[in-house]
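target-v5.pdb follows; it contains PDB, C-alpha atoms and all ligand atoms.
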MODEL        1
ATOM      1  CA  MET A  86      28.481  14.695  11.820  1.00  0.00           C
ATOM      2  CA  PRO A  87      28.910  13.866  15.542  1.00  0.00           C
ATOM      3  CA  LYS A  88      25.803  12.658  17.378  1.00  0.00           C
ATOM      4  CA  THR A  89      26.211  14.947  20.391  1.00  0.00           C
ATOM      5  CA  TYR A  90      27.815  18.213  21.494  1.00  0.00           C
ATOM      6  CA  THR A  91      29.311  18.600  24.954  1.00  0.00           C
ATOM      7  CA  LEU A  92      27.991  21.787  26.538  1.00  0.00           C
ATOM      8  CA  GLN A  93      29.563  23.350  29.599  1.00  0.00           C
ATOM      9  CA  VAL A  94      27.505  26.118  31.160  1.00  0.00           C
ATOM     10  CA  ALA A  95      26.933  27.466  34.663  1.00  0.00           C
ATOM     11  CA  GLY A  96      29.379  24.911  36.075  1.00  0.00           C
ATOM     12  CA  LEU A  97      27.451  21.973  34.581  1.00  0.00           C
ATOM     13  CA  THR A  98      28.170  19.635  31.673  1.00  0.00           C
ATOM     14  CA  ARG A  99      25.532  18.148  29.376  1.00  0.00           C
ATOM     15  CA  GLU A 100      25.638  16.063  26.179  1.00  0.00           C
ATOM     16  CA  LEU A 101      23.252  17.714  23.707  1.00  0.00           C
ATOM     17  CA  PRO A 102      21.860  15.682  20.802  1.00  0.00           C
ATOM     18  CA  ILE A 103      22.636  17.144  17.373  1.00  0.00           C
ATOM     19  CA  CYS A 104      19.463  17.509  15.281  1.00  0.00           C
ATOM     20  CA  LYS A 105      18.874  18.367  11.638  1.00  0.00           C
ATOM     21  CA  VAL A 106      17.182  21.706  10.882  1.00  0.00           C
ATOM     22  CA  ASN A 107      17.342  21.392   7.096  1.00  0.00           C
ATOM     23  CA  ASP A 108      19.727  20.064   4.439  1.00  0.00           C
ATOM     24  CA  GLY A 109      23.150  21.125   5.557  1.00  0.00           C
ATOM     25  CA  LEU A 110      22.233  22.767   8.897  1.00  0.00           C
ATOM     26  CA  TYR A 111      22.165  21.087  12.303  1.00  0.00           C
ATOM     27  CA  ILE A 112      21.722  22.358  15.854  1.00  0.00           C
ATOM     28  CA  ALA A 113      22.621  20.988  19.264  1.00  0.00           C
ATOM     29  CA  ALA A 114      19.277  20.755  21.057  1.00  0.00           C
ATOM     30  CA  PHE A 115      19.350  22.473  24.454  1.00  0.00           C
ATOM     31  CA  ILE A 116      16.132  21.498  26.226  1.00  0.00           C
ATOM     32  CA  MET A 117      16.016  22.674  29.834  1.00  0.00           C
ATOM     33  CA  PHE A 118      12.604  21.150  30.502  1.00  0.00           C
ATOM     34  CA  SER A 119      13.042  18.491  33.228  1.00  0.00           C
ATOM     35  CA  ASP A 120      16.575  19.705  34.030  1.00  0.00           C
ATOM     36  CA  VAL A 121      15.894  21.533  37.280  1.00  0.00           C
ATOM     37  CA  GLU A 122      19.555  21.666  38.294  1.00  0.00           C
ATOM     38  CA  MET A 123      20.443  23.399  35.026  1.00  0.00           C
ATOM     39  CA  THR A 124      17.498  25.793  35.314  1.00  0.00           C
ATOM     40  CA  VAL A 125      18.381  26.833  38.864  1.00  0.00           C
ATOM     41  CA  ARG A 126      22.093  27.300  38.141  1.00  0.00           C
ATOM     42  CA  CYS A 127      21.518  29.244  34.914  1.00  0.00           C
ATOM     43  CA  ALA A 128      18.993  31.508  36.645  1.00  0.00           C
ATOM     44  CA  GLU A 129      21.566  32.276  39.350  1.00  0.00           C
ATOM     45  CA  GLU A 130      24.283  33.077  36.834  1.00  0.00           C
ATOM     46  CA  LEU A 131      22.059  35.233  34.627  1.00  0.00           C
ATOM     47  CA  LEU A 132      20.804  37.231  37.611  1.00  0.00           C
ATOM     48  CA  LYS A 133      24.432  37.926  38.605  1.00  0.00           C
ATOM     49  CA  LYS A 134      25.040  39.446  35.158  1.00  0.00           C
ATOM     50  CA  ALA A 135      21.683  41.198  34.747  1.00  0.00           C
ATOM     51  CA  PRO A 136      21.239  44.983  34.963  1.00  0.00           C
ATOM     52  CA  ALA A 137      18.603  46.456  37.303  1.00  0.00           C
ATOM     53  CA  PHE A 138      15.090  45.522  36.168  1.00  0.00           C
ATOM     54  CA  ASP A 139      11.502  45.562  37.386  1.00  0.00           C
ATOM     55  CA  VAL A 140       9.977  42.633  35.545  1.00  0.00           C
ATOM     56  CA  LEU A 141      11.009  39.626  33.448  1.00  0.00           C
ATOM     57  CA  LEU A 142       9.505  38.832  30.047  1.00  0.00           C
ATOM     58  CA  THR A 143       9.835  35.522  28.212  1.00  0.00           C
ATOM     59  CA  ALA A 144       8.070  33.570  25.454  1.00  0.00           C
ATOM     60  CA  GLU A 145       6.370  30.191  25.360  1.00  0.00           C
ATOM     61  CA  SER A 146       7.597  27.609  25.807  1.00  0.00           C
ATOM     62  CA  LYS A 147      11.192  26.805  26.669  1.00  0.00           C
ATOM     63  CA  GLY A 148      11.762  30.182  28.324  1.00  0.00           C
ATOM     64  CA  ILE A 149       9.120  29.476  30.966  1.00  0.00           C
ATOM     65  CA  PRO A 150      11.077  27.432  33.548  1.00  0.00           C
ATOM     66  CA  LEU A 151      14.014  29.842  33.339  1.00  0.00           C
ATOM     67  CA  ALA A 152      11.827  32.933  33.804  1.00  0.00           C
ATOM     68  CA  TYR A 153       9.958  31.223  36.645  1.00  0.00           C
ATOM     69  CA  GLU A 154      13.212  30.420  38.444  1.00  0.00           C
ATOM     70  CA  MET A 155      14.684  33.902  37.842  1.00  0.00           C
ATOM     71  CA  SER A 156      11.448  35.329  39.225  1.00  0.00           C
ATOM     72  CA  ARG A 157      11.594  33.068  42.273  1.00  0.00           C
ATOM     73  CA  GLN A 158      15.220  33.996  42.999  1.00  0.00           C
ATOM     74  CA  SER A 159      14.880  37.739  42.342  1.00  0.00           C
ATOM     75  CA  GLY A 160      11.410  38.304  43.741  1.00  0.00           C
ATOM     76  CA  LYS A 161      10.451  40.091  40.488  1.00  0.00           C
ATOM     77  CA  GLN A 162       7.354  39.050  38.548  1.00  0.00           C
ATOM     78  CA  TYR A 163       7.582  37.413  35.154  1.00  0.00           C
ATOM     79  CA  ILE A 164       5.289  37.989  32.197  1.00  0.00           C
ATOM     80  CA  LEU A 165       4.793  35.350  29.509  1.00  0.00           C
ATOM     81  CA  ALA A 166       4.215  36.078  25.829  1.00  0.00           C
ATOM     82  CA  ARG A 167       1.855  33.360  24.587  1.00  0.00           C
ATOM     83  CA  LYS A 168       1.966  31.803  21.120  1.00  0.00           C
ATOM     84  CA  SER A 169      -1.783  31.296  20.882  1.00  0.00           C
ATOM     85  CA  VAL A 170      -4.756  33.261  22.152  1.00  0.00           C
ATOM     86  CA  LYS A 171      -6.589  31.735  25.116  1.00  0.00           C
ATOM     87  CA  LEU A 172     -10.221  32.535  25.809  1.00  0.00           C
ATOM     88  CA  TYR A 173      -9.298  34.168  29.129  1.00  0.00           C
ATOM     89  CA  MET A 174      -6.954  36.719  27.475  1.00  0.00           C
ATOM     90  CA  ARG A 175      -8.516  40.177  27.367  1.00  0.00           C
ATOM     91  CA  ASP A 176      -7.845  42.354  24.259  1.00  0.00           C
ATOM     92  CA  PRO A 177      -4.735  40.455  23.082  1.00  0.00           C
ATOM     93  CA  ILE A 178      -2.251  42.148  20.766  1.00  0.00           C
ATOM     94  CA  GLU A 179       0.045  40.180  18.450  1.00  0.00           C
ATOM     95  CA  VAL A 180       3.474  40.289  16.812  1.00  0.00           C
ATOM     96  CA  ASN A 181       4.861  37.852  14.221  1.00  0.00           C
ATOM     97  CA  VAL A 182       7.844  35.570  14.808  1.00  0.00           C
ATOM     98  CA  LYS A 183       9.702  32.701  13.156  1.00  0.00           C
ATOM     99  CA  SER A 184      12.447  31.059  15.206  1.00  0.00           C
ATOM    100  CA  ILE A 185      15.263  28.754  14.079  1.00  0.00           C
ATOM    101  CA  THR A 186      13.697  25.618  15.566  1.00  0.00           C
ATOM    102  CA  THR A 187      10.052  26.047  14.607  1.00  0.00           C
ATOM    103  CA  ALA A 188       9.371  25.616  10.909  1.00  0.00           C
ATOM    104  CA  ALA A 189       6.036  27.424  10.723  1.00  0.00           C
ATOM    105  CA  PRO A 190       5.646  31.167  11.296  1.00  0.00           C
ATOM    106  CA  GLN A 191       4.356  31.865  14.797  1.00  0.00           C
ATOM    107  CA  LYS A 192       2.776  34.798  16.592  1.00  0.00           C
ATOM    108  CA  MET A 193       3.305  36.088  20.102  1.00  0.00           C
ATOM    109  CA  TYR A 194       0.478  37.595  22.123  1.00  0.00           C
ATOM    110  CA  LEU A 195       0.110  39.652  25.286  1.00  0.00           C
ATOM    111  CA  ASP A 196      -3.222  40.522  26.792  1.00  0.00           C
ATOM    112  CA  ALA A 197      -4.277  43.841  28.267  1.00  0.00           C
ATOM    113  CA  ASP A 198      -3.298  42.855  31.815  1.00  0.00           C
ATOM    114  CA  ALA A 199       0.237  41.895  30.757  1.00  0.00           C
ATOM    115  CA  LEU A 200       0.595  45.071  28.668  1.00  0.00           C
ATOM    116  CA  GLY A 201      -0.560  47.143  31.614  1.00  0.00           C
ATOM    117  CA  TYR A 202       1.937  45.437  33.886  1.00  0.00           C
ATOM    118  CA  LEU A 203       4.848  46.176  31.520  1.00  0.00           C
ATOM    119  CA  LYS A 204       3.943  49.833  31.007  1.00  0.00           C
ATOM    120  CA  GLY A 205       6.629  52.147  32.389  1.00  0.00           C
ATOM    121  CA  LYS A 206       8.708  49.197  33.657  1.00  0.00           C
ATOM    122  CA  ARG A 207      12.332  48.205  33.070  1.00  0.00           C
ATOM    123  CA  VAL A 208      11.951  44.835  31.384  1.00  0.00           C
ATOM    124  CA  LEU A 209      14.575  42.086  31.371  1.00  0.00           C
ATOM    125  CA  ILE A 210      13.861  39.831  28.379  1.00  0.00           C
ATOM    126  CA  VAL A 211      14.993  36.244  29.011  1.00  0.00           C
ATOM    127  CA  ASP A 212      15.011  33.087  26.905  1.00  0.00           C
ATOM    128  CA  ASP A 213      16.841  29.778  26.855  1.00  0.00           C
ATOM    129  CA  VAL A 214      18.548  30.399  23.496  1.00  0.00           C
ATOM    130  CA  ILE A 215      18.979  33.346  21.150  1.00  0.00           C
ATOM    131  CA  SER A 216      19.768  32.182  17.622  1.00  0.00           C
ATOM    132  CA  THR A 217      18.455  34.211  14.668  1.00  0.00           C
ATOM    133  CA  GLY A 218      17.234  36.780  17.201  1.00  0.00           C
ATOM    134  CA  ARG A 219      13.756  36.891  15.707  1.00  0.00           C
ATOM    135  CA  SER A 220      12.017  35.709  18.889  1.00  0.00           C
ATOM    136  CA  LEU A 221      13.937  38.337  20.834  1.00  0.00           C
ATOM    137  CA  GLU A 222      12.952  40.987  18.296  1.00  0.00           C
ATOM    138  CA  SER A 223       9.302  40.057  18.761  1.00  0.00           C
ATOM    139  CA  LEU A 224       9.605  40.317  22.529  1.00  0.00           C
ATOM    140  CA  GLU A 225      11.255  43.723  22.134  1.00  0.00           C
ATOM    141  CA  GLY A 226       8.313  44.721  19.935  1.00  0.00           C
ATOM    142  CA  LEU A 227       5.898  43.726  22.674  1.00  0.00           C
ATOM    143  CA  VAL A 228       7.799  45.794  25.252  1.00  0.00           C
ATOM    144  CA  GLU A 229       7.638  48.804  22.926  1.00  0.00           C
ATOM    145  CA  ILE A 230       3.908  48.375  22.336  1.00  0.00           C
ATOM    146  CA  ALA A 231       3.396  48.073  26.090  1.00  0.00           C
ATOM    147  CA  GLY A 232       5.311  51.298  26.773  1.00  0.00           C
ATOM    148  CA  GLY A 233       8.056  49.628  28.787  1.00  0.00           C
ATOM    149  CA  THR A 234      11.817  49.924  28.350  1.00  0.00           C
ATOM    150  CA  VAL A 235      14.150  47.017  27.636  1.00  0.00           C
ATOM    151  CA  ALA A 236      16.601  46.872  30.560  1.00  0.00           C
ATOM    152  CA  GLY A 237      18.483  43.906  29.122  1.00  0.00           C
ATOM    153  CA  LYS A 238      18.277  40.885  26.837  1.00  0.00           C
ATOM    154  CA  ALA A 239      19.513  37.642  28.352  1.00  0.00           C
ATOM    155  CA  ALA A 240      19.737  34.001  27.369  1.00  0.00           C
ATOM    156  CA  VAL A 241      21.537  30.943  28.608  1.00  0.00           C
ATOM    157  CA  LEU A 242      23.030  30.308  25.161  1.00  0.00           C
ATOM    158  CA  ALA A 243      23.795  32.440  22.119  1.00  0.00           C
ATOM    159  CA  GLU A 244      23.725  30.224  19.056  1.00  0.00           C
ATOM    160  CA  GLY A 245      25.761  30.750  15.905  1.00  0.00           C
ATOM    161  CA  GLU A 246      26.345  34.389  14.991  1.00  0.00           C
ATOM    162  CA  ALA A 247      24.315  35.517  18.011  1.00  0.00           C
ATOM    163  CA  SER A 248      27.408  34.819  20.121  1.00  0.00           C
ATOM    164  CA  GLU A 249      29.052  37.815  18.397  1.00  0.00           C
ATOM    165  CA  ARG A 250      26.280  40.201  19.470  1.00  0.00           C
ATOM    166  CA  GLU A 251      27.263  42.798  22.021  1.00  0.00           C
ATOM    167  CA  ASP A 252      23.717  43.809  22.959  1.00  0.00           C
ATOM    168  CA  ILE A 253      22.819  40.537  24.691  1.00  0.00           C
ATOM    169  CA  LEU A 254      23.894  38.780  27.889  1.00  0.00           C
ATOM    170  CA  PHE A 255      24.532  35.055  27.713  1.00  0.00           C
ATOM    171  CA  LEU A 256      26.370  32.354  29.618  1.00  0.00           C
ATOM    172  CA  ALA A 257      27.877  30.330  26.778  1.00  0.00           C
ATOM    173  CA  PRO A 258      28.027  30.219  22.977  1.00  0.00           C
ATOM    174  CA  LEU A 259      26.438  27.304  21.122  1.00  0.00           C
ATOM    175  CA  PRO A 260      27.826  26.425  17.694  1.00  0.00           C
ATOM    176  CA  LEU A 261      25.718  25.687  14.646  1.00  0.00           C
ATOM    177  CA  PHE A 262      26.782  22.641  12.653  1.00  0.00           C
ATOM    178  CA  THR A 263      26.987  22.235   8.889  1.00  0.00           C
ATOM    179  CA  ASP A 264      27.747  19.180   6.756  1.00  0.00           C
ATOM    180  CA  ASP A 265      31.185  20.493   5.931  1.00  0.00           C
ATOM    181  CA  LYS A 266      32.385  20.885   9.537  1.00  0.00           C
TER     182      LYS A 266
HETATM  183  O1  LIG B 301      16.544  33.385  17.991  1.00  0.00           O
HETATM  184  P1  LIG B 301      15.506  32.501  17.359  1.00  0.00           P
HETATM  185  O2  LIG B 301      15.877  31.994  16.010  1.00  0.00           O
HETATM  186  O3  LIG B 301      14.154  33.162  17.356  1.00  0.00           O
HETATM  187  O4  LIG B 301      15.412  31.153  18.202  1.00  0.00           O
HETATM  188  C1  LIG B 301      15.325  31.096  19.614  1.00  0.00           C
HETATM  189  C2  LIG B 301      13.935  30.707  20.053  1.00  0.00           C
HETATM  190  O5  LIG B 301      13.604  29.415  19.479  1.00  0.00           O
HETATM  191  C3  LIG B 301      13.264  28.506  20.515  1.00  0.00           C
HETATM  192  O6  LIG B 301      11.883  28.480  20.723  1.00  0.00           O
HETATM  193  P2  LIG B 301      10.821  27.905  19.685  1.00  0.00           P
HETATM  194  O7  LIG B 301      10.317  29.022  18.825  1.00  0.00           O
HETATM  195  O8  LIG B 301      11.388  26.726  18.969  1.00  0.00           O
HETATM  196  O9  LIG B 301       9.612  27.465  20.589  1.00  0.00           O
HETATM  197  P3  LIG B 301       9.528  26.496  21.876  1.00  0.00           P
HETATM  198  O10 LIG B 301      10.287  27.149  22.989  1.00  0.00           O
HETATM  199  O11 LIG B 301       8.080  26.443  22.151  1.00  0.00           O
HETATM  200  O12 LIG B 301      10.122  25.166  21.503  1.00  0.00           O
HETATM  201  C4  LIG B 301      13.952  29.070  21.750  1.00  0.00           C
HETATM  202  O13 LIG B 301      13.330  28.649  22.948  1.00  0.00           O
HETATM  203  C5  LIG B 301      13.876  30.563  21.559  1.00  0.00           C
HETATM  204  O14 LIG B 301      12.659  31.109  22.042  1.00  0.00           O
ENDMDL
END
As structure tokens, please, write out the structure in this file.
Amino acid sequence: MPKTYTLQVAGLTRELPICKVNDGLYIAAFIMFSDVEMTVRCAEELLKKAPAFDVLLTAESKGIPLAYEMSRQSGKQYILARKSVKLYMRDPIEVNVKSITTAAPQKMYLDADALGYLKGKRVLIVDDVISTGRSLESLEGLVEIAGGTVAGKAAVLAEGEASEREDILFLAPLPLFTDDK
């Protein structure tokens, strides 16, 4: 198994460390935290591809810098689905989620203010990576509960079989790695 994977995306090149998920399955870890250049460039490229939308929606935590930057560049607000309830959240609603990189089942929450903001809006869902698609599915569930419409589903990278999906926008595929390849 190689130690790194060379990613080219949005005109930039990065060496991603390859990390074990479980026996036989490995991923190349794409962590945009701290990489402002990558965040800014990917936000630009995703906004070029994005359909018309009113508001961005992402999930804690790695989607946050991307959604922030897409919001800054587009002038459209972003809403954040939290993965725990904070005492300042009014009447939170929840959906279940289990992503490829987080072993334990998680939940996503929106409070009444966020739900109210999404109601009747065209929502562009954004994340750093779409892999199994379960996080995306949860975000779609939140949009439905809120009474918004999904304008588009966008990520910097589509991992594994997600790169064959035709219902998502992404900038580059990201392979999954197994012991036999
Ligand atoms: O398509 P999926 O299999 O759902 O995987 C993609 C999701 O997994 C990662 O987040 P993670 O849940 O690890 O949380 P984090 O951003 O807080 O690290 C990533 O940022 C996506 O949100």
- Message: My list of candidates is A:Lys147, A:Arg175, A:Lys133, A:Lys88. Which is closest to ligand LIG 301 (chain B) when distances are computed with all atoms listed in the file?
- Response: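 Selected residue with least distance to ligand LIG 301 (chain B): A:Lys147.
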- Message: Applying the PyMOL selection byres (((chain A and resi 107) around 12) and not hetatm) to the file I just gave you, which residues come out? Please list them as JSON, numbers by chain.
- Response: {"A": [104, 105, 106, 108, 109, 110, 111, 112, 185, 186, 187, 188, 262, 263, 264]}
Would you give the centre and edge lengths, in Å to one decimal, of a box along x, y and z around the listed atoms of ligand LIG 301 (chain B), with 8 Å added to each side, as JSON?
{"center_x": 12.3, "center_y": 29.3, "center_z": 19.5, "size_x": 24.5, "size_y": 24.2, "size_z": 23.0}
- Using all atoms listed in the file, which protein or nucleic acid residues are at most 8 Å from ligand LIG 301 (chain B), as JSON, numbers by chain? {"A": [144, 145, 146, 147, 148, 182, 183, 184, 185, 186, 187, 191, 212, 213, 214, 215, 216, 217, 218, 219, 220, 221, 222, 244]}
- Within 7 Å of Thr89 in chain A using all atoms listed in the file, minus same-chain residues under 3 positions, as a PyMOL selection string: chain A and resi 100-103
- Item | Ground truth for the PyMOL selection byres (((chain A and resi 99) around 12) and not hetatm), written as JSON, numbers by chain | {"A": [89, 90, 91, 92, 93, 94, 95, 96, 97, 98, 100, 101, 102, 113, 114, 115, 116, 117, 120, 122, 123]}
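Atom to atom, CA of Pro258 in chain A and CA of Met86 in chain A stand 19.1 Å apart.
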